[in-house]
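Below is one structure; the comments refer to it alone.
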Amino acid sequence: MTKKELRYKRMIRHFTQAVWAIADSEGMDAVTARKVADMAGYNVATLYNYFDNLNHLMFFASFRALKDYAMALPEQTHGMDDPLLVYIKTWECFNYFAYKDPLYYKNIFLGEHTAKYNQAIQLYYDVFPEELPSDGLQFLPMFREGDLYERDFVLLSAAAKSGNFGLENVRDISNMNVILFSGMLHRFLTSEGKQTPKDAAKATTRYQARTLMAYGISKELLKDYL
């Protein structure tokens with residue numbers, strides 16, 4: 001790695017950690033470009049050499065919220081042989097952490113910079129390799145993909161190939177379950193206080209399980225999610 005590359009990653013790390021420090025002490029709404037630059041020890045112009053704008057920086061810094069999910073997912077799916085159960089358990093785990101940190105997950109998966117996810121997540125784990133646990137490497141291809149539709153499609157295709165339902169239905173089921181999540185998260189964020197994160201996550205997973213039932217998956221198989 002060249003000195004230029006090392007400096008680039010070091011600067012990305014400084015600015016990102018400054019966002020975390022401000023967000024942890026004052027809340028996300030308190031983060032400004034000037035505060036971040038001051039805390040990192042640079043000026044705002046320098047910050048914008050590395051990020052397009054403050055929203056871009058917030059998008060990048062939001063990846064921190066994936067760590068708990070990345071750590072929990074291998075444990076939650078350990079020992080599961082049925083790809084369909086892995087699929088719905090993955091959604092259950094994802095929903096739990098999404099509603100725990102909804103603004104971060106919105107920034108990552110439903111925000112204005114989501115299209116930059118694949119490149120950004122590669123850089124993020126290069127800068128913060130400690131954020132991805134070693135036992136989560138089996139899920140690394142999924143974490144490298146930011147398009148929820150494609151992430152879902154890959155997992156659901158494995159379930160279809162195991163004989164749970166026809167391959168011709170994968171795209172429809174996948175689209176519906178991602179749309180369910182997107183709509184439920186939006187409602188959660190715009191109806192503050194009307195639903196707890198735990199209840200919102202449980203409801204989202206229940207609706208997604210019912211989508212699977214509509215395509216012939218037995219209620220008995222999905223009983224733990226209904």
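All residue names refer to the structure tokens as shown: chains lettered A, B, ... in order, residues numbered from 1 in each chain, ligands numbered from 1 in order.
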Contact residues around A:Glu150 with only C-alpha atoms at 10 Å, ignoring same-chain residues under 5 positions, as JSON, numbers by chain
{"A": [142, 145, 155, 156, 171, 174, 175, 178]}
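The list of residues with at least one atom within 8 Å of A:Asn107, based on only C-alpha atoms and without residues fewer than 5 positions apart in the same chain, reads Met58, Phe59, Ser62, Glu112, His113 and Thr114 of chain A.
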Could the residues in this selection be saved with C-alpha atoms as a PDB file, in the first residue's frame?
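Wrote out04.pdb, looks like this:
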ATOM      1  CA  MET A  58     -23.224  10.301   7.301  1.00  0.00           C
ATOM      2  CA  PHE A  59     -23.996   7.475   4.879  1.00  0.00           C
ATOM      3  CA  SER A  62     -23.787   4.677   9.262  1.00  0.00           C
ATOM      4  CA  GLU A 112     -29.658   9.251  -1.384  1.00  0.00           C
ATOM      5  CA  HIS A 113     -26.234   7.579  -1.432  1.00  0.00           C
ATOM      6  CA  THR A 114     -27.430   3.960  -1.373  1.00  0.00           C
TER       7      THR A 114
END
Give me the residues within 6 Å of stretch 6-18 of chain A as a PDB file with all heavy atoms, in the first residue's frame, counting only C-alpha atoms and dropping any in the same chain fewer than 6 places off.
ATOM      1  N   VAL A  36     -17.533  18.091  12.682  1.00  0.00           N
ATOM      2  CA  VAL A  36     -16.740  16.916  12.313  1.00  0.00           C
ATOM      3  C   VAL A  36     -15.311  17.327  11.977  1.00  0.00           C
ATOM      4  O   VAL A  36     -14.340  16.715  12.453  1.00  0.00           O
ATOM      5  CB  VAL A  36     -17.380  16.174  11.123  1.00  0.00           C
ATOM      6  CG1 VAL A  36     -16.442  15.085  10.598  1.00  0.00           C
ATOM      7  CG2 VAL A  36     -18.719  15.570  11.531  1.00  0.00           C
ATOM      8  N   MET A  39     -13.405  18.405  15.138  1.00  0.00           N
ATOM      9  CA  MET A  39     -13.035  17.281  15.996  1.00  0.00           C
ATOM     10  C   MET A  39     -11.912  16.458  15.383  1.00  0.00           C
ATOM     11  O   MET A  39     -11.042  15.942  16.102  1.00  0.00           O
ATOM     12  CB  MET A  39     -14.254  16.399  16.269  1.00  0.00           C
ATOM     13  CG  MET A  39     -13.949  15.214  17.165  1.00  0.00           C
ATOM     14  SD  MET A  39     -15.447  14.407  17.811  1.00  0.00           S
ATOM     15  CE  MET A  39     -15.970  15.619  19.032  1.00  0.00           C
ATOM     16  N   ALA A  40     -11.924  16.328  14.059  1.00  0.00           N
ATOM     17  CA  ALA A  40     -10.877  15.560  13.383  1.00  0.00           C
ATOM     18  C   ALA A  40      -9.573  16.336  13.267  1.00  0.00           C
ATOM     19  O   ALA A  40      -8.521  15.759  12.971  1.00  0.00           O
ATOM     20  CB  ALA A  40     -11.352  15.140  11.993  1.00  0.00           C
ATOM     21  N   ALA A  61     -20.562   6.752   7.595  1.00  0.00           N
ATOM     22  CA  ALA A  61     -20.458   6.513   9.035  1.00  0.00           C
ATOM     23  C   ALA A  61     -21.549   5.579   9.543  1.00  0.00           C
ATOM     24  O   ALA A  61     -21.377   4.898  10.558  1.00  0.00           O
ATOM     25  CB  ALA A  61     -20.523   7.846   9.785  1.00  0.00           C
ATOM     26  N   VAL A 127     -11.000   0.144   5.787  1.00  0.00           N
ATOM     27  CA  VAL A 127     -10.604   1.134   6.799  1.00  0.00           C
ATOM     28  C   VAL A 127     -10.858   0.613   8.209  1.00  0.00           C
ATOM     29  O   VAL A 127     -10.085   0.865   9.135  1.00  0.00           O
ATOM     30  CB  VAL A 127     -11.367   2.458   6.570  1.00  0.00           C
ATOM     31  CG1 VAL A 127     -11.068   3.459   7.691  1.00  0.00           C
ATOM     32  CG2 VAL A 127     -11.002   3.064   5.220  1.00  0.00           C
TER      33      VAL A 127
END
Can you tell me which residues surround A:Phe60 at a distance of at most 8 Å, considering only C-alpha atoms, apart from same-chain residues fewer than 2 positions away, and format the answer as an mmCIF file with N, CA, C and O atoms, in the first residue's frame?
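Saved to result-v8.cif:
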data_model
loop_
_atom_site.group_PDB
_atom_site.id
_atom_site.type_symbol
_atom_site.label_atom_id
_atom_site.label_comp_id
_atom_site.auth_asym_id
_atom_site.auth_seq_id
_atom_site.Cartn_x
_atom_site.Cartn_y
_atom_site.Cartn_z
ATOM 1 N N THR A 16 -14.732 9.778 9.990
ATOM 2 C CA THR A 16 -15.813 8.870 10.369
ATOM 3 C C THR A 16 -15.912 8.738 11.886
ATOM 4 O O THR A 16 -17.012 8.782 12.466
ATOM 5 N N HIS A 56 -23.162 12.357 2.468
ATOM 6 C CA HIS A 56 -22.294 11.267 2.022
ATOM 7 C C HIS A 56 -21.472 10.735 3.193
ATOM 8 O O HIS A 56 -21.321 9.516 3.378
ATOM 9 N N LEU A 57 -20.942 11.626 4.008
ATOM 10 C CA LEU A 57 -20.180 11.218 5.182
ATOM 11 C C LEU A 57 -21.080 10.463 6.165
ATOM 12 O O LEU A 57 -20.681 9.441 6.730
ATOM 13 N N MET A 58 -22.294 10.960 6.386
ATOM 14 C CA MET A 58 -23.224 10.301 7.301
ATOM 15 C C MET A 58 -23.589 8.904 6.793
ATOM 16 O O MET A 58 -23.737 7.962 7.576
ATOM 17 N N SER A 62 -22.663 5.514 8.832
ATOM 18 C CA SER A 62 -23.787 4.677 9.262
ATOM 19 C C SER A 62 -23.478 3.189 9.176
ATOM 20 O O SER A 62 -24.158 2.370 9.816
ATOM 21 N N PHE A 63 -22.448 2.806 8.430
ATOM 22 C CA PHE A 63 -22.111 1.394 8.314
ATOM 23 C C PHE A 63 -21.765 0.773 9.660
ATOM 24 O O PHE A 63 -21.816 -0.448 9.826
ATOM 25 N N ILE A 108 -28.225 3.835 5.008
ATOM 26 C CA ILE A 108 -27.475 2.817 4.278
ATOM 27 C C ILE A 108 -28.266 2.256 3.100
ATOM 28 O O ILE A 108 -27.760 2.180 1.973
ATOM 29 N N ALA A 120 -18.643 1.735 -1.274
ATOM 30 C CA ALA A 120 -18.427 2.291 0.060
ATOM 31 C C ALA A 120 -18.182 1.205 1.100
ATOM 32 O O ALA A 120 -17.329 1.359 1.981
ATOM 33 N N ILE A 121 -18.922 0.099 1.025
ATOM 34 C CA ILE A 121 -18.759 -0.952 2.021
ATOM 35 C C ILE A 121 -17.398 -1.619 1.878
ATOM 36 O O ILE A 121 -16.773 -2.035 2.866
ATOM 37 N N TYR A 124 -15.149 0.746 3.532
ATOM 38 C CA TYR A 124 -15.404 0.755 4.980
ATOM 39 C C TYR A 124 -14.680 -0.400 5.666
ATOM 40 O O TYR A 124 -14.022 -0.217 6.687
#
query: Neighbours of stretch 81-97 of chain A within 9 Å (only C-alpha atoms; same-chain residues fewer than 4 positions away dropped), as a PyMOL selection string?
result: chain A and resi 65-66+68-69+72-73+76-77+101-102+105+152+155-162+164+181+197-198+200-202+204-206+208-209+221-222+225
Put those residues in a file: C-alpha atoms, as a PDB file, in the first residue's frame.
ATOM      1  CA  ALA A  65     -24.686   0.023  12.656  1.00  0.00           C
ATOM      2  CA  LEU A  66     -24.129  -3.164  10.632  1.00  0.00           C
ATOM      3  CA  ASP A  68     -24.083  -5.950  15.581  1.00  0.00           C
ATOM      4  CA  TYR A  69     -26.061  -7.486  12.741  1.00  0.00           C
ATOM      5  CA  ALA A  72     -25.490 -11.821  15.343  1.00  0.00           C
ATOM      6  CA  LEU A  73     -26.399 -13.324  11.976  1.00  0.00           C
ATOM      7  CA  GLN A  76     -28.765 -16.847  14.658  1.00  0.00           C
ATOM      8  CA  THR A  77     -28.525 -19.093  11.589  1.00  0.00           C
ATOM      9  CA  ASP A 101     -30.951   1.944  14.587  1.00  0.00           C
ATOM     10  CA  PRO A 102     -33.543   3.043  12.005  1.00  0.00           C
ATOM     11  CA  TYR A 105     -30.327   1.703   8.243  1.00  0.00           C
ATOM     12  CA  ASP A 152     -32.933 -10.828  -0.951  1.00  0.00           C
ATOM     13  CA  LEU A 155     -30.992 -15.778  -0.441  1.00  0.00           C
ATOM     14  CA  LEU A 156     -34.458 -16.571  -1.719  1.00  0.00           C
ATOM     15  CA  SER A 157     -33.112 -18.264  -4.850  1.00  0.00           C
ATOM     16  CA  ALA A 158     -31.258 -20.743  -2.633  1.00  0.00           C
ATOM     17  CA  ALA A 159     -34.534 -21.477  -0.846  1.00  0.00           C
ATOM     18  CA  ALA A 160     -36.325 -22.019  -4.153  1.00  0.00           C
ATOM     19  CA  LYS A 161     -33.633 -24.371  -5.413  1.00  0.00           C
ATOM     20  CA  SER A 162     -34.141 -26.515  -2.332  1.00  0.00           C
ATOM     21  CA  ASN A 164     -39.675 -24.878  -1.322  1.00  0.00           C
ATOM     22  CA  PHE A 181     -39.554  -3.630   4.956  1.00  0.00           C
ATOM     23  CA  PRO A 197     -38.607  -1.139  17.742  1.00  0.00           C
ATOM     24  CA  LYS A 198     -39.203  -4.702  18.935  1.00  0.00           C
ATOM     25  CA  ALA A 200     -42.095  -3.057  14.551  1.00  0.00           C
ATOM     26  CA  ALA A 201     -39.445  -5.672  13.786  1.00  0.00           C
ATOM     27  CA  LYS A 202     -41.753  -8.515  14.806  1.00  0.00           C
ATOM     28  CA  THR A 204     -42.379  -6.776   9.632  1.00  0.00           C
ATOM     29  CA  THR A 205     -41.080 -10.336   9.913  1.00  0.00           C
ATOM     30  CA  ARG A 206     -44.629 -11.621  10.377  1.00  0.00           C
ATOM     31  CA  GLN A 208     -42.815 -11.298   5.292  1.00  0.00           C
ATOM     32  CA  ALA A 209     -43.577 -14.801   6.538  1.00  0.00           C
ATOM     33  CA  LEU A 221     -42.785 -24.351   8.870  1.00  0.00           C
ATOM     34  CA  LEU A 222     -43.144 -20.629   9.526  1.00  0.00           C
ATOM     35  CA  TYR A 225     -42.407 -16.065  12.757  1.00  0.00           C
TER      36      TYR A 225
END
What separates atom CA of A:Asn49 and atom CA of A:Asp29 is a distance of 22.7 Å
Of A:Arg187, A:Tyr104, A:Phe51, A:Met1, the one sitting nearest A:Met28 when using only C-alpha atoms is A:Tyr104
Practice item. Pick out each residue of stretch 47-139 of chain A that DSSP on the backbone tags as alpha helix (DSSP H); I need them as JSON, numbers by chain. Key: {"A": [47, 54, 55, 56, 57, 58, 59, 60, 61, 66, 67, 68, 69, 70, 71, 72, 73, 74, 75, 76, 77, 83, 84, 85, 86, 87, 88, 89, 90, 91, 92, 93, 94, 95, 96, 97, 98, 99, 100, 102, 103, 104, 105, 106, 107, 108, 109, 117, 118, 119, 120, 121, 122, 123, 124, 125, 126, 127]}
(request) Record the distance separating atom CA of A:Ala70 and atom CA of A:Asn169, expressed in Å with one decimal. (result)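 About the pair atom CA of A:Ala70 and atom CA of A:Asn169: they are 28.1 Å apart.
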May I have the residues within 12 Å of A:Gly27 as a list in words, using only C-alpha atoms and disregarding those fewer than 6 positions away in the same chain?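 The residues satisfying every condition are Val19, Trp20, Ala21, Leu103 and Tyr104 of chain A.
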Compare A:Val31, A:Met80, A:Ala98, A:Leu123 by their minimum atom-to-atom distance to A:Asn55, counting only C-alpha atoms, and give me the closest one.
->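 When distances to A:Asn55 are compared using only C-alpha atoms, the smallest one comes from A:Val31.
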| said: Using only C-alpha atoms for the distances, tell me which of A:Lys116, A:Thr211, A:Asp147, A:Ala203 is nearest to A:Asn177. | reply: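 Comparing A:Lys116, A:Thr211, A:Asp147, A:Ala203 against A:Asn177, the winner is A:Thr211.
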* Asked: Just how far from atom CA of A:Glu168 is atom CA of A:Tyr215, in Å to one decimal?
  ->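 The value is 11.0 Å.
Counting only C-alpha atoms, the residue from A:Met176, A:Arg210, A:Tyr42, A:Arg64 that sits nearest to A:Phe128 is A:Arg64.
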